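Below: structure.tsv (TSV, C-alpha atoms)
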chain	number	residue	atom	x	y	z
A	130	MET	CA	-16.67	-10.79	21.11
A	131	VAL	CA	-14.44	-13.11	19.10
A	132	ALA	CA	-14.23	-12.24	15.41
A	133	GLN	CA	-15.48	-14.68	12.82
A	134	ARG	CA	-12.89	-15.67	10.25
A	135	LEU	CA	-13.12	-14.11	6.79
A	136	ASP	CA	-11.74	-17.28	5.26
A	137	GLY	CA	-10.14	-16.45	1.93
A	138	LYS	CA	-9.27	-20.07	1.22
A	139	ALA	CA	-12.88	-21.20	1.53
A	140	CYS	CA	-14.17	-18.30	-0.54
A	141	ALA	CA	-11.51	-18.86	-3.21
A	142	ALA	CA	-12.48	-22.54	-3.42
A	143	GLU	CA	-16.06	-21.51	-4.23
A	144	VAL	CA	-14.83	-19.07	-6.89
A	145	GLU	CA	-12.77	-21.85	-8.47
A	146	GLU	CA	-15.77	-24.20	-8.54
A	147	GLU	CA	-17.72	-21.56	-10.46
A	148	LEU	CA	-14.79	-20.97	-12.80
A	149	LEU	CA	-14.52	-24.64	-13.70
A	150	ILE	CA	-18.00	-24.45	-15.23
A	151	ARG	CA	-17.09	-21.37	-17.24
A	152	ILE	CA	-13.78	-22.87	-18.36
A	153	THR	CA	-15.58	-25.97	-19.59
A	154	ALA	CA	-17.91	-23.74	-21.60
A	155	CYS	CA	-14.90	-21.95	-23.12
A	156	LYS	CA	-13.28	-25.22	-24.12
A	157	GLU	CA	-16.51	-26.41	-25.74
A	158	LYS	CA	-16.17	-23.38	-28.01
A	159	GLY	CA	-12.56	-24.28	-28.79
A	160	ILE	CA	-11.07	-21.65	-26.45
A	161	LYS	CA	-8.62	-22.66	-23.70
A	162	PRO	CA	-7.99	-19.77	-21.29
A	163	HIS	CA	-4.29	-18.88	-21.36
A	164	LEU	CA	-2.35	-16.71	-18.90
A	165	ALA	CA	1.23	-15.45	-19.34
A	166	VAL	CA	3.33	-14.20	-16.43
A	167	ILE	CA	6.53	-12.19	-16.89
A	168	ILE	CA	8.89	-12.22	-13.92
A	169	VAL	CA	12.11	-10.20	-13.86
A	170	GLY	CA	14.87	-10.96	-11.36
A	171	ASP	CA	15.34	-13.34	-8.46
A	172	ASP	CA	13.14	-11.89	-5.73
A	173	PRO	CA	12.19	-14.98	-3.64
A	174	ALA	CA	8.72	-13.71	-2.70
A	175	SER	CA	7.92	-12.96	-6.33
A	176	HIS	CA	8.82	-16.49	-7.36
A	177	VAL	CA	6.60	-17.86	-4.58
A	178	TYR	CA	3.68	-15.73	-5.82
A	179	VAL	CA	4.22	-16.79	-9.42
A	180	GLY	CA	4.36	-20.42	-8.33
A	181	SER	CA	0.98	-20.02	-6.61
A	182	LYS	CA	-0.51	-18.57	-9.79
A	183	VAL	CA	0.89	-21.37	-11.95
A	184	ARG	CA	-0.52	-23.99	-9.57
A	185	ALA	CA	-3.94	-22.29	-9.67
A	186	CYS	CA	-3.84	-22.49	-13.48
A	187	GLU	CA	-3.02	-26.19	-13.25
A	188	ARG	CA	-5.94	-26.85	-10.89
A	189	LEU	CA	-8.37	-25.13	-13.21
A	190	GLY	CA	-7.08	-26.32	-16.55
A	191	ILE	CA	-5.91	-22.86	-17.60
A	192	GLN	CA	-2.85	-22.86	-19.85
A	193	SER	CA	0.04	-20.89	-18.36
A	194	THR	CA	3.20	-19.43	-19.85
A	195	HIS	CA	5.99	-18.43	-17.50
A	196	ILE	CA	8.60	-15.99	-18.87
A	197	GLU	CA	11.65	-15.43	-16.67
A	198	LEU	CA	14.09	-12.57	-17.36
A	199	SER	CA	17.27	-11.83	-15.43
A	200	ALA	CA	17.52	-8.89	-13.06
A	201	ASP	CA	19.93	-7.12	-15.41
A	202	SER	CA	17.47	-7.25	-18.32
A	203	THR	CA	16.69	-3.94	-19.99
A	204	GLU	CA	13.30	-2.25	-20.12
A	205	GLU	CA	13.39	-2.78	-23.87
A	206	GLN	CA	13.55	-6.55	-23.35
A	207	VAL	CA	10.50	-6.44	-21.08
A	208	ARG	CA	8.68	-4.21	-23.57
A	209	ASP	CA	9.47	-6.62	-26.38
A	210	ALA	CA	8.10	-9.52	-24.32
A	211	ILE	CA	4.88	-7.61	-23.62
A	212	PHE	CA	4.42	-6.59	-27.28
A	213	SER	CA	4.97	-10.19	-28.38
A	214	LEU	CA	2.34	-11.47	-25.95
A	215	ASN	CA	-0.10	-8.74	-26.98
A	216	GLU	CA	0.03	-10.10	-30.54
A	217	GLN	CA	-0.69	-13.73	-29.63
A	218	THR	CA	-4.35	-14.39	-30.41
A	219	GLY	CA	-4.55	-17.57	-28.32
A	220	LEU	CA	-3.30	-15.75	-25.23
A	221	HIS	CA	-5.91	-14.07	-23.04
A	222	GLY	CA	-4.14	-12.70	-19.96
A	223	ILE	CA	-0.80	-10.99	-19.34
A	224	LEU	CA	0.71	-9.81	-16.08
A	225	VAL	CA	4.10	-8.47	-15.10
A	226	GLN	CA	4.98	-9.68	-11.61
A	227	SER	CA	5.72	-6.90	-9.14
A	228	PRO	CA	8.20	-5.67	-8.01
A	229	LEU	CA	10.43	-5.02	-10.98
A	230	PRO	CA	14.13	-4.09	-10.60
A	231	ASN	CA	14.74	-0.51	-9.58
A	232	HIS	CA	16.03	0.55	-12.99
A	233	MET	CA	12.64	-0.17	-14.59
A	234	ASP	CA	9.50	1.97	-14.70
A	235	GLU	CA	6.92	-0.55	-13.55
A	236	GLU	CA	3.87	1.60	-14.22
A	237	ALA	CA	5.00	2.51	-17.73
A	238	LEU	CA	5.62	-1.14	-18.57
A	239	THR	CA	2.30	-2.43	-17.29
A	240	ASP	CA	0.59	0.34	-19.28
A	241	LEU	CA	1.87	-1.38	-22.45
A	242	ILE	CA	-0.29	-4.45	-21.85
A	243	ASP	CA	-3.31	-4.70	-24.13
A	244	PRO	CA	-6.22	-3.58	-21.90
A	245	VAL	CA	-8.31	-6.63	-22.85
A	246	LYS	CA	-5.44	-8.85	-21.62
A	247	ASP	CA	-4.69	-6.75	-18.52
A	248	VAL	CA	-5.76	-9.36	-15.98
A	249	ASP	CA	-4.18	-7.39	-13.12
A	250	GLY	CA	-6.63	-4.57	-13.89
A	251	PHE	CA	-3.97	-1.84	-13.66
A	252	HIS	CA	-4.14	-0.35	-17.16
A	253	PRO	CA	-5.48	3.25	-17.19
A	254	GLN	CA	-8.32	2.15	-19.45
A	255	ASN	CA	-9.52	-0.45	-16.95
A	256	LEU	CA	-9.05	1.83	-13.95
A	257	GLY	CA	-10.88	4.56	-15.88
A	258	ARG	CA	-13.88	2.28	-16.39
A	259	LEU	CA	-13.91	1.73	-12.65
A	260	VAL	CA	-13.93	5.49	-12.03
A	261	GLN	CA	-16.99	5.66	-14.28
A	262	GLY	CA	-18.70	3.09	-12.07
A	263	ARG	CA	-18.44	0.37	-14.70
A	264	LEU	CA	-17.69	-3.04	-13.20
A	265	ASP	CA	-17.73	-5.01	-16.46
A	266	GLY	CA	-14.01	-4.66	-17.22
A	267	MET	CA	-10.87	-6.10	-15.69
A	268	LEU	CA	-11.03	-5.25	-11.99
A	269	PRO	CA	-7.86	-5.09	-9.86
A	270	CYS	CA	-7.56	-8.52	-8.27
A	271	THR	CA	-7.01	-7.71	-4.60
A	272	PRO	CA	-9.80	-5.11	-4.24
A	273	SER	CA	-12.27	-7.29	-6.15
A	274	GLY	CA	-11.20	-10.24	-4.01
A	275	VAL	CA	-12.00	-8.24	-0.88
A	276	MET	CA	-15.45	-7.42	-2.27
A	277	ARG	CA	-16.11	-11.08	-3.07
A	278	MET	CA	-15.12	-12.07	0.48
A	279	LEU	CA	-17.49	-9.51	1.98
A	280	SER	CA	-20.32	-10.80	-0.22
A	281	TRP	CA	-19.45	-14.44	0.59
A	282	ALA	CA	-19.71	-13.68	4.32
A	283	GLY	CA	-23.03	-11.87	3.88
A	284	ILE	CA	-21.62	-8.61	5.22
A	285	GLU	CA	-23.89	-5.61	4.68
A	286	THR	CA	-22.23	-2.66	2.94
A	287	GLU	CA	-25.13	-0.34	2.09
A	288	GLY	CA	-24.95	2.82	4.18
A	289	LYS	CA	-21.95	1.57	6.14
A	290	THR	CA	-18.92	3.75	6.84
A	291	ALA	CA	-15.66	2.33	5.52
A	292	VAL	CA	-12.08	3.44	6.11
A	293	ILE	CA	-9.35	2.27	3.76
A	294	LEU	CA	-5.79	2.60	5.00
A	295	GLY	CA	-3.58	3.21	1.97
A	296	ARG	CA	-4.12	4.96	-1.36
A	297	SER	CA	-2.11	2.86	-3.83
A	298	ARG	CA	-3.40	2.37	-7.38
A	299	ILE	CA	-3.13	-1.39	-6.77
A	300	VAL	CA	-5.35	-1.63	-3.69
A	301	GLY	CA	-6.42	1.50	-1.83
A	302	MET	CA	-7.86	3.71	-4.56
A	303	PRO	CA	-9.65	1.00	-6.56
A	304	GLN	CA	-10.93	-0.44	-3.28
A	305	SER	CA	-12.51	2.91	-2.44
A	306	LEU	CA	-14.23	3.01	-5.84
A	307	LEU	CA	-15.61	-0.51	-5.47
A	308	LEU	CA	-16.96	0.14	-1.97
A	309	GLY	CA	-18.56	3.40	-3.05
A	310	ALA	CA	-20.05	2.00	-6.27
A	311	LYS	CA	-23.82	1.93	-6.82
A	312	GLY	CA	-25.23	-1.27	-5.38
A	313	ILE	CA	-22.47	-1.44	-2.75
A	314	ASP	CA	-23.16	2.04	-1.39
A	315	SER	CA	-20.67	2.43	1.44
A	316	THR	CA	-19.50	5.86	2.56
A	317	VAL	CA	-15.75	5.70	2.08
A	318	THR	CA	-12.78	7.54	3.60
A	319	VAL	CA	-9.26	6.89	2.29
A	320	ALA	CA	-6.57	7.47	4.92
A	321	HIS	CA	-2.87	7.76	4.09
A	322	SER	CA	0.46	8.89	5.51
A	323	ARG	CA	-0.66	12.52	5.71
A	324	THR	CA	-4.03	11.81	7.32
A	325	LYS	CA	-4.55	13.20	10.80
A	326	ASN	CA	-6.34	11.25	13.53
A	327	THR	CA	-6.32	7.99	11.56
A	328	ALA	CA	-7.06	5.97	14.67
A	329	ASP	CA	-10.16	8.07	15.38
A	330	LEU	CA	-11.41	7.57	11.81
A	331	CYS	CA	-11.04	3.82	12.16
A	332	ALA	CA	-12.69	3.79	15.57
A	333	ASN	CA	-15.89	5.14	14.00
A	334	ALA	CA	-15.89	2.88	10.94
A	335	ASP	CA	-18.10	-0.13	10.29
A	336	ILE	CA	-15.54	-1.55	7.85
A	337	VAL	CA	-11.76	-1.12	8.02
A	338	ILE	CA	-9.49	-2.29	5.20
A	339	ALA	CA	-5.77	-2.10	5.97
A	340	ALA	CA	-3.36	-2.00	3.03
A	341	VAL	CA	-0.30	-0.02	4.10
A	342	GLY	CA	2.47	-2.61	4.57
A	343	ARG	CA	3.19	-1.79	8.22
A	344	PRO	CA	3.16	-4.86	10.47
A	345	GLU	CA	0.35	-4.92	13.05
A	346	MET	CA	-0.20	-1.16	12.83
A	347	VAL	CA	-3.95	-1.43	13.44
A	348	THR	CA	-4.51	-2.26	17.09
A	349	ALA	CA	-7.63	-3.17	19.02
A	350	ASP	CA	-8.14	0.37	20.35
A	351	TRP	CA	-8.51	1.56	16.74
A	352	ILE	CA	-11.50	-0.67	16.12
A	353	LYS	CA	-15.07	-0.23	17.33
A	354	GLU	CA	-16.97	-3.17	18.71
A	355	GLY	CA	-18.44	-5.30	15.93
A	356	ALA	CA	-16.56	-3.73	13.00
A	357	VAL	CA	-15.49	-5.76	9.97
A	358	VAL	CA	-11.72	-5.71	9.46
A	359	VAL	CA	-9.96	-6.84	6.29
A	360	ASP	CA	-6.18	-7.21	6.48
A	361	VAL	CA	-4.55	-6.84	3.06
A	362	GLY	CA	-1.01	-6.51	4.42
A	363	ILE	CA	1.50	-9.31	4.38
A	364	ASN	CA	4.81	-8.52	6.04
A	365	ARG	CA	7.84	-10.60	6.95
A	366	VAL	CA	8.96	-9.81	10.51
A	367	ASP	CA	11.79	-11.17	12.62
A	368	ASP	CA	10.77	-13.81	15.17
A	369	SER	CA	13.47	-15.64	17.12
A	370	THR	CA	10.91	-18.14	18.44
A	371	ARG	CA	10.46	-19.57	14.94
A	372	GLU	CA	12.94	-22.04	13.53
A	373	ARG	CA	13.27	-20.01	10.35
A	374	GLY	CA	13.74	-16.79	12.35
A	375	TRP	CA	10.75	-14.93	10.90
A	376	ARG	CA	6.98	-15.01	10.55
A	377	LEU	CA	4.31	-13.46	8.38
A	378	ALA	CA	2.26	-10.65	9.88
A	379	GLY	CA	-0.54	-8.53	8.53
A	380	ASP	CA	-1.17	-4.83	8.99
A	381	VAL	CA	-3.66	-5.69	11.74
A	382	HIS	CA	-2.66	-6.82	15.24
A	383	PRO	CA	-4.15	-10.21	16.25
A	384	ASP	CA	-5.76	-8.58	19.31
A	385	VAL	CA	-8.24	-6.90	16.95
A	386	ALA	CA	-10.06	-10.26	16.93
A	387	SER	CA	-11.38	-9.36	20.40
A	388	LYS	CA	-13.26	-6.34	19.02
A	389	ALA	CA	-14.15	-7.10	15.40
A	390	SER	CA	-17.14	-9.14	14.23
A	391	TRP	CA	-15.19	-10.40	11.19
A	392	LEU	CA	-11.41	-10.45	10.59
A	393	SER	CA	-9.44	-11.83	7.65
A	394	PRO	CA	-6.39	-13.90	8.63
A	395	VAL	CA	-2.82	-13.53	7.37
A	396	PRO	CA	-2.02	-15.78	5.65
A	397	GLY	CA	-5.19	-17.39	4.33
A	398	GLY	CA	-7.33	-14.31	3.87
A	399	VAL	CA	-6.92	-11.84	1.03
A	400	GLY	CA	-4.00	-13.69	-0.59
A	401	PRO	CA	-5.98	-16.69	-1.93
A	402	MET	CA	-8.70	-14.32	-3.12
A	403	THR	CA	-6.24	-12.24	-5.12
A	404	ILE	CA	-5.18	-15.33	-7.05
A	405	ALA	CA	-8.78	-16.48	-7.48
A	406	MET	CA	-9.75	-13.13	-8.99
A	407	LEU	CA	-6.74	-13.26	-11.30
A	408	MET	CA	-8.05	-16.58	-12.56
A	409	GLU	CA	-11.52	-15.06	-12.97
A	410	ASN	CA	-10.13	-12.14	-14.99
A	411	THR	CA	-8.28	-14.61	-17.22
A	412	VAL	CA	-11.47	-16.57	-17.82
A	413	ARG	CA	-13.41	-13.36	-18.48
A	414	ALA	CA	-10.81	-12.33	-21.05
A	415	ALA	CA	-11.13	-15.74	-22.74
A	416	GLU	CA	-14.94	-15.42	-22.80
A	417	GLN	CA	-14.72	-11.94	-24.32
A	418	SER	CA	-12.40	-13.25	-27.03
A	419	TYR	CA	-15.25	-15.24	-28.59
A	420	THR	CA	-18.07	-12.79	-27.88
A	421	VAL	CA	-16.57	-9.75	-29.66

For the structure just supplied, provide its representation as structure tokens.
Amino acid sequence: MVAQRLDGKACAAEVEEELLIRITACKEKGIKPHLAVIIVGDDPASHVYVGSKVRACERLGIQSTHIELSADSTEEQVRDAIFSLNEQTGLHGILVQSPLPNHMDEEALTDLIDPVKDVDGFHPQNLGRLVQGRLDGMLPCTPSGVMRMLSWAGIETEGKTAVILGRSRIVGMPQSLLLGAKGIDSTVTVAHSRTKNTADLCANADIVIAAVGRPEMVTADWIKEGAVVVDVGINRVDDSTRERGWRLAGDVHPDVASKASWLSPVPGGVGPMTIAMLMENTVRAAEQSYTV
């Protein structure tokens, strides 16, 4: 068996086509969706990610505001920026780009974002709605992007066993809630650093979602024949054969393609979907601004 490609780029392109229609409808009502991104410091990867988000806004006709603060900024300065954005009525989405400098409490700062503008979906109010089984709020972008990819590929989830590797509030835990929600109806196990026999759990799963940040940890012997494997990880690893001396690798070894029925690539899988769902949350926030 050779795994079919869970193509995040193709799926994201379809999401953007749908969003263009909704954005046009917003503009006809005098509302232009507007996203603000706060980035603190000079982390190269963060600036790449922010650049991708800004370009997505440009493609879709979403207004974007890009606020850059130096790495030695204080938490108070970031708080002030968030509070200012919360008060702007023509602004619909706010996100603070992760990671923040070590001297800042990232979770406490993101909790200050107005929940209706929390397009990352990390505010306790939005995560709490998800715990209640309510999918009408701001959903965390990566987990909702994974769900959209599974739907796009026509992958059956009802009654399937799913193992999620990683329990972060950004991916693992909300992903488990989405897969176990009514209408999706998977039976979900969340594995983490203290889980025993992780490989055996994966080997019996119909769906495996890897989000641990360990390069190529999931190998072919972990995966049963015909399983669906989604690779959320994106890791920079040394590679002397490349001119730049490194390459990007996921949490899943490429050899898994010989066992899985579907496998998301890295790059080109979950990454484009995360940005697409960020754009969708921004549009949803704009729509809600004229329906309340």

Using only C-alpha atoms, can you tell me which of A:Asp367, A:Asp265, A:Glu145, A:Glu287 comes closest to A:Ile191? A:Glu145

Pick from A:Cys155, A:Ile167, A:Met302, A:Ala320, whichever lies nearest to A:Gln417 using all atoms listed in the file: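 Looking at the shortest contact to A:Gln417, the residue is A:Cys155.
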
d(atom CA of A:Gln261, atom CA of A:Leu308) in Å: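 Pair atom CA of A:Gln261 / atom CA of A:Leu308 returns 13.5 Å.
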
Report, in Å with one decimal, the straight-line distance from atom CA of A:Arg376 to atom CA of A:Lys138.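 Pair atom CA of A:Arg376 / atom CA of A:Lys138 returns 19.4 Å.
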
Which neighbours of A:Ser418 fall inside 10 Å, counting all atoms listed in the file, when residues of the same chain fewer than 5 positions from it are skipped, and could you give them as a list in words?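 Counting only the stated atoms, we get Cys155, Ile160, Pro162, Thr218, Gly219, Leu220, His221, Val245, Lys246, Val412 and Arg413 of chain A.
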
Include C-alpha atoms and write out the residues we just selected as a PDB file, in the frame of the given file.
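Below is the file out.pdb, written as the result:
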ATOM      1  CA  CYS A 155     -14.900 -21.950 -23.120  1.00  0.00           C
ATOM      2  CA  ILE A 160     -11.070 -21.650 -26.450  1.00  0.00           C
ATOM      3  CA  PRO A 162      -7.990 -19.770 -21.290  1.00  0.00           C
ATOM      4  CA  THR A 218      -4.350 -14.390 -30.410  1.00  0.00           C
ATOM      5  CA  GLY A 219      -4.550 -17.570 -28.320  1.00  0.00           C
ATOM      6  CA  LEU A 220      -3.300 -15.750 -25.230  1.00  0.00           C
ATOM      7  CA  HIS A 221      -5.910 -14.070 -23.040  1.00  0.00           C
ATOM      8  CA  VAL A 245      -8.310  -6.630 -22.850  1.00  0.00           C
ATOM      9  CA  LYS A 246      -5.440  -8.850 -21.620  1.00  0.00           C
ATOM     10  CA  VAL A 412     -11.470 -16.570 -17.820  1.00  0.00           C
ATOM     11  CA  ARG A 413     -13.410 -13.360 -18.480  1.00  0.00           C
TER      12      ARG A 413
END

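The point (-8.9, 4.6, -17.7) has these residues within 12 Å of it, counting only C-alpha atoms: Asp240, Pro244, Gly250, Phe251, His252, Pro253, Gln254, Asn255, Leu256, Gly257, Arg258, Leu259, Val260, Gln261, Gly262, Arg263, Gly266, Met267, Leu268, Arg298 and Pro303 of chain A.
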
Given the block above, output stretch 234-250 of chain A with N, CA and C atoms as a PDB file, in the first residue's frame.
ATOM      1  N   ASP A 234       4.441  35.557  30.251  1.00  0.00           N
ATOM      2  CA  ASP A 234       3.483  34.480  30.486  1.00  0.00           C
ATOM      3  C   ASP A 234       2.526  34.441  29.296  1.00  0.00           C
ATOM      4  N   GLU A 235       2.823  33.559  28.360  1.00  0.00           N
ATOM      5  CA  GLU A 235       2.082  33.526  27.101  1.00  0.00           C
ATOM      6  C   GLU A 235       0.599  33.226  27.311  1.00  0.00           C
ATOM      7  N   GLU A 236       0.302  32.272  28.167  1.00  0.00           N
ATOM      8  CA  GLU A 236      -1.090  31.893  28.381  1.00  0.00           C
ATOM      9  C   GLU A 236      -1.880  33.034  29.010  1.00  0.00           C
ATOM     10  N   ALA A 237      -1.266  33.706  29.982  1.00  0.00           N
ATOM     11  CA  ALA A 237      -1.956  34.817  30.646  1.00  0.00           C
ATOM     12  C   ALA A 237      -2.223  35.959  29.669  1.00  0.00           C
ATOM     13  N   LEU A 238      -1.297  36.198  28.761  1.00  0.00           N
ATOM     14  CA  LEU A 238      -1.474  37.287  27.798  1.00  0.00           C
ATOM     15  C   LEU A 238      -2.560  36.956  26.778  1.00  0.00           C
ATOM     16  N   THR A 239      -2.552  35.748  26.263  1.00  0.00           N
ATOM     17  CA  THR A 239      -3.575  35.402  25.272  1.00  0.00           C
ATOM     18  C   THR A 239      -4.961  35.368  25.908  1.00  0.00           C
ATOM     19  N   ASP A 240      -5.022  35.122  27.214  1.00  0.00           N
ATOM     20  CA  ASP A 240      -6.312  35.136  27.914  1.00  0.00           C
ATOM     21  C   ASP A 240      -6.926  36.537  27.969  1.00  0.00           C
ATOM     22  N   LEU A 241      -6.118  37.566  27.708  1.00  0.00           N
ATOM     23  CA  LEU A 241      -6.614  38.943  27.742  1.00  0.00           C
ATOM     24  C   LEU A 241      -7.358  39.335  26.462  1.00  0.00           C
ATOM     25  N   ILE A 242      -7.214  38.537  25.418  1.00  0.00           N
ATOM     26  CA  ILE A 242      -7.874  38.848  24.154  1.00  0.00           C
ATOM     27  C   ILE A 242      -9.381  38.676  24.310  1.00  0.00           C
ATOM     28  N   ASP A 243     -10.127  39.631  23.793  1.00  0.00           N
ATOM     29  CA  ASP A 243     -11.589  39.532  23.788  1.00  0.00           C
ATOM     30  C   ASP A 243     -11.982  38.202  23.137  1.00  0.00           C
ATOM     31  N   PRO A 244     -12.768  37.361  23.817  1.00  0.00           N
ATOM     32  CA  PRO A 244     -13.098  36.039  23.254  1.00  0.00           C
ATOM     33  C   PRO A 244     -13.704  36.094  21.856  1.00  0.00           C
ATOM     34  N   VAL A 245     -14.462  37.142  21.540  1.00  0.00           N
ATOM     35  CA  VAL A 245     -15.066  37.217  20.205  1.00  0.00           C
ATOM     36  C   VAL A 245     -14.034  37.569  19.144  1.00  0.00           C
ATOM     37  N   LYS A 246     -12.854  38.036  19.565  1.00  0.00           N
ATOM     38  CA  LYS A 246     -11.769  38.351  18.632  1.00  0.00           C
ATOM     39  C   LYS A 246     -10.629  37.330  18.706  1.00  0.00           C
ATOM     40  N   ASP A 247     -10.820  36.297  19.507  1.00  0.00           N
ATOM     41  CA  ASP A 247      -9.789  35.285  19.752  1.00  0.00           C
ATOM     42  C   ASP A 247      -9.743  34.292  18.598  1.00  0.00           C
ATOM     43  N   VAL A 248      -9.152  34.703  17.490  1.00  0.00           N
ATOM     44  CA  VAL A 248      -9.184  33.873  16.280  1.00  0.00           C
ATOM     45  C   VAL A 248      -8.246  32.669  16.355  1.00  0.00           C
ATOM     46  N   ASP A 249      -7.380  32.621  17.360  1.00  0.00           N
ATOM     47  CA  ASP A 249      -6.596  31.407  17.597  1.00  0.00           C
ATOM     48  C   ASP A 249      -7.415  30.347  18.319  1.00  0.00           C
ATOM     49  N   GLY A 250      -8.504  30.770  18.981  1.00  0.00           N
ATOM     50  CA  GLY A 250      -9.363  29.825  19.682  1.00  0.00           C
ATOM     51  C   GLY A 250      -8.799  29.312  20.982  1.00  0.00           C
TER      52      GLY A 250
END
